[in-house]
Amino acid sequence: MKILIIGDVNVGKTSLINRYVNGQFNKTCKTTVGVDFSLKTLHWSDKERVKLHLWDIAGQERFISMTRVYYKGALGCMVIFDITDSRSFLNCRLWKQDLDLKTLLPNGQPLPCILVANKCDLSQRAVSADSIDMFSKANGFVSWVETSVKENRNVGEAMRRLVQEILSGQ
Ligand code: GDP
Ligand code: MG
C-alpha cells in the first residue's frame, strides 16, 4: 500500500515516519528535499501482513505543484499539522483539497485520509479538540487523531486506523 504523509513544513512528517519505521526520535531532523520513501511491514493479524510504502513529501512541494506525480498510485493519506501552530492546521484544508483534486481510488472513490494533530506533548496548544473535530468532518477526513511522535503516543494507532479504512474500502 502506498501511503502519503503530507502537511506543512516542520509539523513532524519525517519524524513520524522515522518513529513508525525505526522506532526513533531525533530532535534535529534534516529538512526533506523533494520526496523520500520508507518501507514497513505491518503485522495486521496472525495471518495477514501489509507492506506499507510511506511517502514523505517535502512541505514546499505544494507550492510548486509537483504533487500529482507523488500522489500517483496512493491508497491512503495522512495529513499532519502541529497542534501549536494554527496556520499548519488551517493549511490542512488546502492539502486535502489538493489531494482530492489529483487522486481517486481505482473504484472512483476519494482516498481515505486521516487528520493527525501532532506534538500533543507540548502545552502551548493553538487548536482545540472541538475545532479539530468540526474541521475534520467539514473537510471529509475519515477521522482524526492526536499524536506525539516525540513521546510515541498514538503513532501506530493512527497508522492502523488508516490501514483499516483502506482495507474496508477494498
Ligand atoms: P517535517 O518538516 O514535517 O518533516 O517535520 P520534522 O519531522 O522535520 O520535524 C520538525 C521538528 O518538530 C523537529 O525538530 C522534530 O524533532 C519536532 N517534532 C516532531 N514531532 C514532534 C512531537 O511530537 N513533539 C515535539 N515536541 N516535537 C516534535
Ligand atoms: Mg520532512
# chains A, B, ... in the order shown; residues from 1 in each chain; ligands from 1
>>> closest_atom_pairs(of="chain A", to="ligand 1", cutoff="9 Å", atoms="only C-alpha atoms and all ligand atoms", output="CSV")
residue,atom,partner,partner_atom_place_in_ligand_line,distance
A:Ile5,CA,ligand 1,3 (O),8.8
A:Ile6,CA,ligand 1,3 (O),7.8
A:Gly7,CA,ligand 1,3 (O),6.6
A:Asp8,CA,ligand 1,3 (O),6.1
A:Val9,CA,ligand 1,2 (O),3.9
A:Asn10,CA,ligand 1,2 (O),3.4
A:Val11,CA,ligand 1,3 (O),4.0
A:Gly12,CA,ligand 1,5 (O),3.4
A:Lys13,CA,ligand 1,3 (O),3.7
A:Thr14,CA,ligand 1,4 (O),3.8
A:Ser15,CA,ligand 1,7 (O),3.6
A:Leu16,CA,ligand 1,7 (O),6.4
A:Ile17,CA,ligand 1,7 (O),8.1
A:Asn18,CA,ligand 1,7 (O),8.1
A:Phe25,CA,ligand 1,16 (O),7.0
A:Asn26,CA,ligand 1,16 (O),5.6
A:Lys27,CA,ligand 1,16 (O),3.8
A:Thr28,CA,ligand 1,14 (O),4.9
A:Cys29,CA,ligand 1,8 (O),4.7
A:Lys30,CA,ligand 1,8 (O),6.0
A:Thr31,CA,ligand 1,8 (O),5.5
A:Thr32,CA,ligand 1,4 (O),6.1
A:Asp56,CA,ligand 1,4 (O),7.5
A:Ile57,CA,ligand 1,4 (O),7.9
A:Ala58,CA,ligand 1,2 (O),6.7
A:Gly59,CA,ligand 1,2 (O),6.4
A:Ile80,CA,ligand 1,3 (O),7.7
A:Phe81,CA,ligand 1,3 (O),8.1
A:Asp82,CA,ligand 1,21 (C),8.1
A:Asn118,CA,ligand 1,23 (O),5.4
A:Lys119,CA,ligand 1,23 (O),3.5
A:Cys120,CA,ligand 1,23 (O),6.3
A:Asp121,CA,ligand 1,24 (N),5.8
A:Leu122,CA,ligand 1,26 (N),5.7
A:Thr147,CA,ligand 1,23 (O),6.5
A:Ser148,CA,ligand 1,23 (O),3.5
A:Val149,CA,ligand 1,23 (O),3.7
A:Lys150,CA,ligand 1,23 (O),4.1
A:Glu151,CA,ligand 1,23 (O),6.5
A:Asn152,CA,ligand 1,23 (O),7.6
A:Arg153,CA,ligand 1,23 (O),8.2
>>> residues_around(residues="region 48-54 of chain A", least_positions_apart="3", cutoff="7 Å", atoms="only C-alpha atoms", output="PDB file with all heavy atoms, in the first residue's frame")
ATOM      1  N   MET A   1       0.835  -1.195   0.000  1.00  0.00           N
ATOM      2  CA  MET A   1       0.000   0.000   0.000  1.00  0.00           C
ATOM      3  C   MET A   1       0.867   1.241   0.000  1.00  0.00           C
ATOM      4  O   MET A   1       1.732   1.392   0.864  1.00  0.00           O
ATOM      5  CB  MET A   1      -0.799   0.075   1.308  1.00  0.00           C
ATOM      6  CG  MET A   1      -1.955  -0.840   1.376  1.00  0.00           C
ATOM      7  SD  MET A   1      -2.726  -0.603   2.988  1.00  0.00           S
ATOM      8  CE  MET A   1      -3.916  -1.928   2.887  1.00  0.00           C
ATOM      9  N   LYS A   2       0.618   2.095  -0.928  1.00  0.00           N
ATOM     10  CA  LYS A   2       1.319   3.388  -0.917  1.00  0.00           C
ATOM     11  C   LYS A   2       0.510   4.380  -0.078  1.00  0.00           C
ATOM     12  O   LYS A   2      -0.668   4.606  -0.337  1.00  0.00           O
ATOM     13  CB  LYS A   2       1.484   3.904  -2.345  1.00  0.00           C
ATOM     14  CG  LYS A   2       2.091   5.304  -2.414  1.00  0.00           C
ATOM     15  CD  LYS A   2       2.370   5.708  -3.854  1.00  0.00           C
ATOM     16  CE  LYS A   2       2.814   7.170  -3.928  1.00  0.00           C
ATOM     17  NZ  LYS A   2       3.111   7.587  -5.321  1.00  0.00           N
ATOM     18  N   ILE A   3       1.164   4.928   0.919  1.00  0.00           N
ATOM     19  CA  ILE A   3       0.509   5.875   1.818  1.00  0.00           C
ATOM     20  C   ILE A   3       1.271   7.198   1.803  1.00  0.00           C
ATOM     21  O   ILE A   3       2.502   7.212   1.919  1.00  0.00           O
ATOM     22  CB  ILE A   3       0.439   5.291   3.248  1.00  0.00           C
ATOM     23  CG1 ILE A   3      -0.513   4.094   3.229  1.00  0.00           C
ATOM     24  CG2 ILE A   3      -0.003   6.340   4.257  1.00  0.00           C
ATOM     25  CD1 ILE A   3      -0.697   3.433   4.560  1.00  0.00           C
ATOM     26  N   LEU A   4       0.531   8.276   1.663  1.00  0.00           N
ATOM     27  CA  LEU A   4       1.146   9.606   1.606  1.00  0.00           C
ATOM     28  C   LEU A   4       1.124  10.256   2.976  1.00  0.00           C
ATOM     29  O   LEU A   4       0.129  10.159   3.700  1.00  0.00           O
ATOM     30  CB  LEU A   4       0.347  10.496   0.651  1.00  0.00           C
ATOM     31  CG  LEU A   4       0.126   9.955  -0.758  1.00  0.00           C
ATOM     32  CD1 LEU A   4      -0.928  10.800  -1.484  1.00  0.00           C
ATOM     33  CD2 LEU A   4       1.441   9.960  -1.522  1.00  0.00           C
ATOM     34  N   ILE A   5       2.221  10.903   3.316  1.00  0.00           N
ATOM     35  CA  ILE A   5       2.285  11.673   4.552  1.00  0.00           C
ATOM     36  C   ILE A   5       2.516  13.116   4.132  1.00  0.00           C
ATOM     37  O   ILE A   5       3.602  13.466   3.666  1.00  0.00           O
ATOM     38  CB  ILE A   5       3.461  11.193   5.449  1.00  0.00           C
ATOM     39  CG1 ILE A   5       3.535   9.659   5.534  1.00  0.00           C
ATOM     40  CG2 ILE A   5       3.394  11.832   6.822  1.00  0.00           C
ATOM     41  CD1 ILE A   5       2.426   8.974   6.273  1.00  0.00           C
ATOM     42  N   PHE A  37      10.996   7.813   0.456  1.00  0.00           N
ATOM     43  CA  PHE A  37      10.030   6.849   0.935  1.00  0.00           C
ATOM     44  C   PHE A  37      10.640   5.729   1.731  1.00  0.00           C
ATOM     45  O   PHE A  37      11.803   5.385   1.582  1.00  0.00           O
ATOM     46  CB  PHE A  37       9.055   6.385  -0.146  1.00  0.00           C
ATOM     47  CG  PHE A  37       9.536   5.307  -1.050  1.00  0.00           C
ATOM     48  CD1 PHE A  37       9.337   3.978  -0.709  1.00  0.00           C
ATOM     49  CD2 PHE A  37      10.147   5.615  -2.243  1.00  0.00           C
ATOM     50  CE1 PHE A  37       9.765   2.965  -1.560  1.00  0.00           C
ATOM     51  CE2 PHE A  37      10.577   4.612  -3.084  1.00  0.00           C
ATOM     52  CZ  PHE A  37      10.388   3.283  -2.749  1.00  0.00           C
ATOM     53  N   SER A  38       9.858   5.195   2.668  1.00  0.00           N
ATOM     54  CA  SER A  38      10.298   4.163   3.591  1.00  0.00           C
ATOM     55  C   SER A  38       9.335   2.991   3.509  1.00  0.00           C
ATOM     56  O   SER A  38       8.159   3.173   3.225  1.00  0.00           O
ATOM     57  CB  SER A  38      10.273   4.686   5.020  1.00  0.00           C
ATOM     58  OG  SER A  38      10.960   5.900   5.113  1.00  0.00           O
ATOM     59  N   LEU A  39       9.870   1.816   3.825  1.00  0.00           N
ATOM     60  CA  LEU A  39       9.041   0.610   3.794  1.00  0.00           C
ATOM     61  C   LEU A  39       8.861   0.077   5.203  1.00  0.00           C
ATOM     62  O   LEU A  39       9.769   0.140   6.023  1.00  0.00           O
ATOM     63  CB  LEU A  39       9.746  -0.483   2.985  1.00  0.00           C
ATOM     64  CG  LEU A  39       9.914  -0.225   1.499  1.00  0.00           C
ATOM     65  CD1 LEU A  39      10.782  -1.313   0.867  1.00  0.00           C
ATOM     66  CD2 LEU A  39       8.552  -0.190   0.824  1.00  0.00           C
ATOM     67  N   LYS A  40       7.675  -0.449   5.448  1.00  0.00           N
ATOM     68  CA  LYS A  40       7.439  -1.082   6.745  1.00  0.00           C
ATOM     69  C   LYS A  40       6.421  -2.202   6.563  1.00  0.00           C
ATOM     70  O   LYS A  40       5.403  -2.011   5.899  1.00  0.00           O
ATOM     71  CB  LYS A  40       6.906  -0.024   7.716  1.00  0.00           C
ATOM     72  CG  LYS A  40       6.220  -0.567   8.939  1.00  0.00           C
ATOM     73  CD  LYS A  40       7.129  -0.542  10.145  1.00  0.00           C
ATOM     74  CE  LYS A  40       6.372  -0.992  11.390  1.00  0.00           C
ATOM     75  NZ  LYS A  40       7.277  -1.094  12.543  1.00  0.00           N
ATOM     76  N   THR A  41       6.718  -3.357   7.141  1.00  0.00           N
ATOM     77  CA  THR A  41       5.737  -4.437   7.087  1.00  0.00           C
ATOM     78  C   THR A  41       4.909  -4.396   8.360  1.00  0.00           C
ATOM     79  O   THR A  41       5.443  -4.473   9.468  1.00  0.00           O
ATOM     80  CB  THR A  41       6.434  -5.800   6.951  1.00  0.00           C
ATOM     81  OG1 THR A  41       7.235  -5.769   5.766  1.00  0.00           O
ATOM     82  CG2 THR A  41       5.418  -6.931   6.839  1.00  0.00           C
ATOM     83  N   LEU A  42       3.623  -4.233   8.198  1.00  0.00           N
ATOM     84  CA  LEU A  42       2.711  -4.185   9.334  1.00  0.00           C
ATOM     85  C   LEU A  42       2.109  -5.565   9.537  1.00  0.00           C
ATOM     86  O   LEU A  42       1.530  -6.149   8.619  1.00  0.00           O
ATOM     87  CB  LEU A  42       1.612  -3.146   9.053  1.00  0.00           C
ATOM     88  CG  LEU A  42       0.413  -3.087   9.987  1.00  0.00           C
ATOM     89  CD1 LEU A  42       0.846  -2.754  11.412  1.00  0.00           C
ATOM     90  CD2 LEU A  42      -0.578  -2.030   9.507  1.00  0.00           C
ATOM     91  N   HIS A  43       2.274  -6.110  10.745  1.00  0.00           N
ATOM     92  CA  HIS A  43       1.657  -7.399  11.067  1.00  0.00           C
ATOM     93  C   HIS A  43       0.210  -7.124  11.432  1.00  0.00           C
ATOM     94  O   HIS A  43      -0.108  -6.770  12.564  1.00  0.00           O
ATOM     95  CB  HIS A  43       2.418  -8.092  12.200  1.00  0.00           C
ATOM     96  CG  HIS A  43       3.798  -8.484  11.782  1.00  0.00           C
ATOM     97  ND1 HIS A  43       4.182  -9.788  11.583  1.00  0.00           N
ATOM     98  CD2 HIS A  43       4.871  -7.729  11.448  1.00  0.00           C
ATOM     99  CE1 HIS A  43       5.441  -9.812  11.154  1.00  0.00           C
ATOM    100  NE2 HIS A  43       5.879  -8.585  11.073  1.00  0.00           N
ATOM    101  N   TRP A  44      -0.613  -7.220  10.425  1.00  0.00           N
ATOM    102  CA  TRP A  44      -2.003  -6.782  10.577  1.00  0.00           C
ATOM    103  C   TRP A  44      -2.794  -7.729  11.480  1.00  0.00           C
ATOM    104  O   TRP A  44      -3.540  -7.323  12.335  1.00  0.00           O
ATOM    105  CB  TRP A  44      -2.651  -6.657   9.187  1.00  0.00           C
ATOM    106  CG  TRP A  44      -4.055  -6.188   9.240  1.00  0.00           C
ATOM    107  CD1 TRP A  44      -5.169  -6.927   8.965  1.00  0.00           C
ATOM    108  CD2 TRP A  44      -4.495  -4.883   9.620  1.00  0.00           C
ATOM    109  NE1 TRP A  44      -6.280  -6.152   9.150  1.00  0.00           N
ATOM    110  CE2 TRP A  44      -5.895  -4.903   9.560  1.00  0.00           C
ATOM    111  CE3 TRP A  44      -3.842  -3.704  10.010  1.00  0.00           C
ATOM    112  CZ2 TRP A  44      -6.666  -3.793   9.872  1.00  0.00           C
ATOM    113  CZ3 TRP A  44      -4.603  -2.604  10.332  1.00  0.00           C
ATOM    114  CH2 TRP A  44      -5.999  -2.650  10.256  1.00  0.00           C
ATOM    115  N   SER A  45      -2.595  -9.035  11.249  1.00  0.00           N
ATOM    116  CA  SER A  45      -3.247 -10.046  12.085  1.00  0.00           C
ATOM    117  C   SER A  45      -2.342 -11.268  12.073  1.00  0.00           C
ATOM    118  O   SER A  45      -1.275 -11.241  11.463  1.00  0.00           O
ATOM    119  CB  SER A  45      -4.628 -10.401  11.513  1.00  0.00           C
ATOM    120  OG  SER A  45      -4.469 -11.052  10.270  1.00  0.00           O
TER     121      SER A  45
END
>>> select_by_dssp(residues="chain A", states="strand (DSSP E or B)", output="NGL selection string")
:A and (2-6 or 35-43 or 49-57 or 76-82 or 113-118 or 143-146 or 148 or 153)
>>> select_by_dssp(residues="chain A", states="helix (DSSP H, G or I)", output="PDB file with N, CA and C atoms, in the first residue's frame")
ATOM      1  N   LYS A  13       6.355  15.290   9.875  1.00  0.00           N
ATOM      2  CA  LYS A  13       6.122  14.191   8.926  1.00  0.00           C
ATOM      3  C   LYS A  13       7.292  13.205   8.907  1.00  0.00           C
ATOM      4  N   THR A  14       8.483  13.745   8.746  1.00  0.00           N
ATOM      5  CA  THR A  14       9.661  12.872   8.666  1.00  0.00           C
ATOM      6  C   THR A  14       9.879  12.167  10.004  1.00  0.00           C
ATOM      7  N   SER A  15       9.661  12.905  11.090  1.00  0.00           N
ATOM      8  CA  SER A  15       9.812  12.305  12.427  1.00  0.00           C
ATOM      9  C   SER A  15       8.819  11.173  12.636  1.00  0.00           C
ATOM     10  N   LEU A  16       7.598  11.365  12.161  1.00  0.00           N
ATOM     11  CA  LEU A  16       6.572  10.333  12.342  1.00  0.00           C
ATOM     12  C   LEU A  16       6.964   9.051  11.607  1.00  0.00           C
ATOM     13  N   ILE A  17       7.428   9.192  10.390  1.00  0.00           N
ATOM     14  CA  ILE A  17       7.834   8.007   9.630  1.00  0.00           C
ATOM     15  C   ILE A  17       9.029   7.334  10.303  1.00  0.00           C
ATOM     16  N   ASN A  18       9.960   8.156  10.749  1.00  0.00           N
ATOM     17  CA  ASN A  18      11.134   7.626  11.412  1.00  0.00           C
ATOM     18  C   ASN A  18      10.759   6.878  12.699  1.00  0.00           C
ATOM     19  N   ARG A  19       9.843   7.419  13.429  1.00  0.00           N
ATOM     20  CA  ARG A  19       9.346   6.777  14.649  1.00  0.00           C
ATOM     21  C   ARG A  19       8.650   5.457  14.310  1.00  0.00           C
ATOM     22  N   TYR A  20       7.793   5.521  13.315  1.00  0.00           N
ATOM     23  CA  TYR A  20       6.995   4.349  12.970  1.00  0.00           C
ATOM     24  C   TYR A  20       7.858   3.220  12.387  1.00  0.00           C
ATOM     25  N   VAL A  21       8.808   3.605  11.555  1.00  0.00           N
ATOM     26  CA  VAL A  21       9.599   2.595  10.854  1.00  0.00           C
ATOM     27  C   VAL A  21      10.810   2.146  11.671  1.00  0.00           C
ATOM     28  N   ASN A  22      11.490   3.096  12.313  1.00  0.00           N
ATOM     29  CA  ASN A  22      12.742   2.767  13.014  1.00  0.00           C
ATOM     30  C   ASN A  22      12.632   2.837  14.532  1.00  0.00           C
ATOM     31  N   GLY A  59       7.212  19.664   2.481  1.00  0.00           N
ATOM     32  CA  GLY A  59       6.077  20.592   2.594  1.00  0.00           C
ATOM     33  C   GLY A  59       6.047  21.664   1.528  1.00  0.00           C
ATOM     34  N   GLN A  60       7.191  21.999   1.001  1.00  0.00           N
ATOM     35  CA  GLN A  60       7.228  23.077  -0.003  1.00  0.00           C
ATOM     36  C   GLN A  60       6.581  22.656  -1.316  1.00  0.00           C
ATOM     37  N   GLU A  61       6.478  21.339  -1.510  1.00  0.00           N
ATOM     38  CA  GLU A  61       6.088  20.872  -2.840  1.00  0.00           C
ATOM     39  C   GLU A  61       4.734  21.380  -3.310  1.00  0.00           C
ATOM     40  N   ARG A  62       3.858  21.627  -2.364  1.00  0.00           N
ATOM     41  CA  ARG A  62       2.534  22.099  -2.767  1.00  0.00           C
ATOM     42  C   ARG A  62       2.637  23.366  -3.608  1.00  0.00           C
ATOM     43  N   PHE A  63       3.610  24.195  -3.267  1.00  0.00           N
ATOM     44  CA  PHE A  63       3.696  25.497  -3.914  1.00  0.00           C
ATOM     45  C   PHE A  63       4.284  25.408  -5.307  1.00  0.00           C
ATOM     46  N   ILE A  64       4.951  24.333  -5.611  1.00  0.00           N
ATOM     47  CA  ILE A  64       5.469  24.244  -6.971  1.00  0.00           C
ATOM     48  C   ILE A  64       4.691  23.187  -7.772  1.00  0.00           C
ATOM     49  N   THR A  67       2.865  17.863  -6.884  1.00  0.00           N
ATOM     50  CA  THR A  67       2.330  16.785  -6.059  1.00  0.00           C
ATOM     51  C   THR A  67       1.676  15.661  -6.862  1.00  0.00           C
ATOM     52  N   ARG A  68       1.156  15.976  -8.015  1.00  0.00           N
ATOM     53  CA  ARG A  68       0.419  14.963  -8.769  1.00  0.00           C
ATOM     54  C   ARG A  68       1.250  13.690  -8.989  1.00  0.00           C
ATOM     55  N   VAL A  69       2.494  13.879  -9.308  1.00  0.00           N
ATOM     56  CA  VAL A  69       3.397  12.751  -9.558  1.00  0.00           C
ATOM     57  C   VAL A  69       3.580  11.918  -8.284  1.00  0.00           C
ATOM     58  N   TYR A  70       3.736  12.598  -7.165  1.00  0.00           N
ATOM     59  CA  TYR A  70       3.948  11.895  -5.893  1.00  0.00           C
ATOM     60  C   TYR A  70       2.696  11.151  -5.436  1.00  0.00           C
ATOM     61  N   TYR A  71       1.557  11.695  -5.743  1.00  0.00           N
ATOM     62  CA  TYR A  71       0.305  11.094  -5.285  1.00  0.00           C
ATOM     63  C   TYR A  71      -0.049   9.821  -6.056  1.00  0.00           C
ATOM     64  N   SER A  86      -1.450  27.196  14.444  1.00  0.00           N
ATOM     65  CA  SER A  86      -2.789  27.202  13.838  1.00  0.00           C
ATOM     66  C   SER A  86      -2.718  27.327  12.321  1.00  0.00           C
ATOM     67  N   ARG A  87      -1.665  27.942  11.824  1.00  0.00           N
ATOM     68  CA  ARG A  87      -1.532  28.054  10.377  1.00  0.00           C
ATOM     69  C   ARG A  87      -1.383  26.668   9.729  1.00  0.00           C
ATOM     70  N   SER A  88      -0.586  25.823  10.360  1.00  0.00           N
ATOM     71  CA  SER A  88      -0.396  24.475   9.807  1.00  0.00           C
ATOM     72  C   SER A  88      -1.703  23.689   9.850  1.00  0.00           C
ATOM     73  N   PHE A  89      -2.541  24.019  10.862  1.00  0.00           N
ATOM     74  CA  PHE A  89      -3.866  23.391  10.966  1.00  0.00           C
ATOM     75  C   PHE A  89      -4.754  23.849   9.810  1.00  0.00           C
ATOM     76  N   LEU A  90      -4.867  25.158   9.622  1.00  0.00           N
ATOM     77  CA  LEU A  90      -5.733  25.682   8.555  1.00  0.00           C
ATOM     78  C   LEU A  90      -5.275  25.213   7.169  1.00  0.00           C
ATOM     79  N   ASN A  91      -3.980  25.074   7.001  1.00  0.00           N
ATOM     80  CA  ASN A  91      -3.461  24.632   5.706  1.00  0.00           C
ATOM     81  C   ASN A  91      -3.828  23.189   5.372  1.00  0.00           C
ATOM     82  N   CYS A  92      -4.257  22.420   6.380  1.00  0.00           N
ATOM     83  CA  CYS A  92      -4.681  21.042   6.098  1.00  0.00           C
ATOM     84  C   CYS A  92      -5.851  21.017   5.121  1.00  0.00           C
ATOM     85  N   ARG A  93      -6.650  22.073   5.116  1.00  0.00           N
ATOM     86  CA  ARG A  93      -7.739  22.151   4.167  1.00  0.00           C
ATOM     87  C   ARG A  93      -7.187  22.212   2.736  1.00  0.00           C
ATOM     88  N   LEU A  94      -6.118  22.994   2.547  1.00  0.00           N
ATOM     89  CA  LEU A  94      -5.510  23.114   1.220  1.00  0.00           C
ATOM     90  C   LEU A  94      -4.865  21.797   0.792  1.00  0.00           C
ATOM     91  N   TRP A  95      -4.209  21.143   1.750  1.00  0.00           N
ATOM     92  CA  TRP A  95      -3.608  19.843   1.437  1.00  0.00           C
ATOM     93  C   TRP A  95      -4.674  18.843   1.032  1.00  0.00           C
ATOM     94  N   LYS A  96      -5.775  18.845   1.749  1.00  0.00           N
ATOM     95  CA  LYS A  96      -6.858  17.897   1.455  1.00  0.00           C
ATOM     96  C   LYS A  96      -7.480  18.209   0.096  1.00  0.00           C
ATOM     97  N   GLN A  97      -7.668  19.485  -0.189  1.00  0.00           N
ATOM     98  CA  GLN A  97      -8.239  19.863  -1.487  1.00  0.00           C
ATOM     99  C   GLN A  97      -7.307  19.459  -2.625  1.00  0.00           C
ATOM    100  N   ASP A  98      -6.029  19.693  -2.426  1.00  0.00           N
ATOM    101  CA  ASP A  98      -5.036  19.341  -3.446  1.00  0.00           C
ATOM    102  C   ASP A  98      -5.081  17.833  -3.713  1.00  0.00           C
ATOM    103  N   LEU A  99      -5.148  17.075  -2.620  1.00  0.00           N
ATOM    104  CA  LEU A  99      -5.206  15.620  -2.725  1.00  0.00           C
ATOM    105  C   LEU A  99      -6.461  15.173  -3.482  1.00  0.00           C
ATOM    106  N   ASP A 100      -7.610  15.707  -3.080  1.00  0.00           N
ATOM    107  CA  ASP A 100      -8.872  15.288  -3.694  1.00  0.00           C
ATOM    108  C   ASP A 100      -8.948  15.666  -5.174  1.00  0.00           C
ATOM    109  N   LEU A 101      -8.315  16.763  -5.497  1.00  0.00           N
ATOM    110  CA  LEU A 101      -8.299  17.226  -6.884  1.00  0.00           C
ATOM    111  C   LEU A 101      -7.504  16.285  -7.782  1.00  0.00           C
ATOM    112  N   LYS A 102      -6.462  15.689  -7.215  1.00  0.00           N
ATOM    113  CA  LYS A 102      -5.492  14.979  -8.054  1.00  0.00           C
ATOM    114  C   LYS A 102      -5.508  13.460  -7.882  1.00  0.00           C
ATOM    115  N   ALA A 129      -9.710  20.624  20.650  1.00  0.00           N
ATOM    116  CA  ALA A 129     -10.232  19.348  20.134  1.00  0.00           C
ATOM    117  C   ALA A 129     -11.548  19.565  19.400  1.00  0.00           C
ATOM    118  N   ASP A 130     -12.392  20.458  19.905  1.00  0.00           N
ATOM    119  CA  ASP A 130     -13.675  20.739  19.243  1.00  0.00           C
ATOM    120  C   ASP A 130     -13.483  21.264  17.827  1.00  0.00           C
ATOM    121  N   SER A 131     -12.558  22.200  17.671  1.00  0.00           N
ATOM    122  CA  SER A 131     -12.395  22.744  16.318  1.00  0.00           C
ATOM    123  C   SER A 131     -11.746  21.720  15.390  1.00  0.00           C
ATOM    124  N   ILE A 132     -10.880  20.867  15.910  1.00  0.00           N
ATOM    125  CA  ILE A 132     -10.308  19.821  15.047  1.00  0.00           C
ATOM    126  C   ILE A 132     -11.425  18.876  14.588  1.00  0.00           C
ATOM    127  N   ASP A 133     -12.299  18.546  15.509  1.00  0.00           N
ATOM    128  CA  ASP A 133     -13.390  17.627  15.206  1.00  0.00           C
ATOM    129  C   ASP A 133     -14.305  18.191  14.109  1.00  0.00           C
ATOM    130  N   MET A 134     -14.676  19.464  14.261  1.00  0.00           N
ATOM    131  CA  MET A 134     -15.530  20.101  13.249  1.00  0.00           C
ATOM    132  C   MET A 134     -14.834  20.180  11.901  1.00  0.00           C
ATOM    133  N   PHE A 135     -13.590  20.602  11.940  1.00  0.00           N
ATOM    134  CA  PHE A 135     -12.783  20.767  10.737  1.00  0.00           C
ATOM    135  C   PHE A 135     -12.624  19.428  10.000  1.00  0.00           C
ATOM    136  N   SER A 136     -12.377  18.383  10.783  1.00  0.00           N
ATOM    137  CA  SER A 136     -12.192  17.056  10.224  1.00  0.00           C
ATOM    138  C   SER A 136     -13.442  16.599   9.460  1.00  0.00           C
ATOM    139  N   LYS A 137     -14.594  16.827  10.068  1.00  0.00           N
ATOM    140  CA  LYS A 137     -15.859  16.431   9.410  1.00  0.00           C
ATOM    141  C   LYS A 137     -16.130  17.308   8.194  1.00  0.00           C
ATOM    142  N   ALA A 138     -15.939  18.615   8.348  1.00  0.00           N
ATOM    143  CA  ALA A 138     -16.242  19.550   7.254  1.00  0.00           C
ATOM    144  C   ALA A 138     -15.369  19.305   6.029  1.00  0.00           C
ATOM    145  N   VAL A 155       1.018   6.874  17.486  1.00  0.00           N
ATOM    146  CA  VAL A 155       1.558   6.845  16.123  1.00  0.00           C
ATOM    147  C   VAL A 155       1.147   5.544  15.414  1.00  0.00           C
ATOM    148  N   GLY A 156       1.400   4.415  16.066  1.00  0.00           N
ATOM    149  CA  GLY A 156       1.000   3.128  15.488  1.00  0.00           C
ATOM    150  C   GLY A 156      -0.512   3.031  15.337  1.00  0.00           C
ATOM    151  N   GLU A 157      -1.243   3.583  16.295  1.00  0.00           N
ATOM    152  CA  GLU A 157      -2.708   3.553  16.259  1.00  0.00           C
ATOM    153  C   GLU A 157      -3.227   4.325  15.047  1.00  0.00           C
ATOM    154  N   ALA A 158      -2.620   5.483  14.792  1.00  0.00           N
ATOM    155  CA  ALA A 158      -3.055   6.300  13.646  1.00  0.00           C
ATOM    156  C   ALA A 158      -2.850   5.529  12.344  1.00  0.00           C
ATOM    157  N   MET A 159      -1.719   4.860  12.235  1.00  0.00           N
ATOM    158  CA  MET A 159      -1.436   4.112  11.011  1.00  0.00           C
ATOM    159  C   MET A 159      -2.411   2.934  10.868  1.00  0.00           C
ATOM    160  N   ARG A 160      -2.668   2.242  11.955  1.00  0.00           N
ATOM    161  CA  ARG A 160      -3.620   1.122  11.911  1.00  0.00           C
ATOM    162  C   ARG A 160      -5.010   1.589  11.507  1.00  0.00           C
ATOM    163  N   ARG A 161      -5.393   2.711  12.048  1.00  0.00           N
ATOM    164  CA  ARG A 161      -6.711   3.282  11.733  1.00  0.00           C
ATOM    165  C   ARG A 161      -6.833   3.536  10.224  1.00  0.00           C
ATOM    166  N   LEU A 162      -5.773   4.094   9.652  1.00  0.00           N
ATOM    167  CA  LEU A 162      -5.791   4.388   8.222  1.00  0.00           C
ATOM    168  C   LEU A 162      -5.817   3.097   7.400  1.00  0.00           C
ATOM    169  N   VAL A 163      -4.986   2.136   7.783  1.00  0.00           N
ATOM    170  CA  VAL A 163      -4.946   0.862   7.047  1.00  0.00           C
ATOM    171  C   VAL A 163      -6.313   0.171   7.122  1.00  0.00           C
ATOM    172  N   GLN A 164      -6.938   0.243   8.275  1.00  0.00           N
ATOM    173  CA  GLN A 164      -8.285  -0.304   8.449  1.00  0.00           C
ATOM    174  C   GLN A 164      -9.262   0.308   7.430  1.00  0.00           C
ATOM    175  N   GLU A 165      -9.193   1.620   7.282  1.00  0.00           N
ATOM    176  CA  GLU A 165     -10.056   2.313   6.315  1.00  0.00           C
ATOM    177  C   GLU A 165      -9.770   1.858   4.892  1.00  0.00           C
ATOM    178  N   ILE A 166      -8.486   1.719   4.582  1.00  0.00           N
ATOM    179  CA  ILE A 166      -8.109   1.314   3.226  1.00  0.00           C
ATOM    180  C   ILE A 166      -8.640  -0.085   2.943  1.00  0.00           C
ATOM    181  N   LEU A 167      -8.443  -0.996   3.906  1.00  0.00           N
ATOM    182  CA  LEU A 167      -8.881  -2.389   3.716  1.00  0.00           C
ATOM    183  C   LEU A 167     -10.402  -2.474   3.618  1.00  0.00           C
ATOM    184  N   SER A 168     -11.093  -1.689   4.397  1.00  0.00           N
ATOM    185  CA  SER A 168     -12.559  -1.794   4.393  1.00  0.00           C
ATOM    186  C   SER A 168     -13.171  -1.222   3.115  1.00  0.00           C
TER     187      SER A 168
END
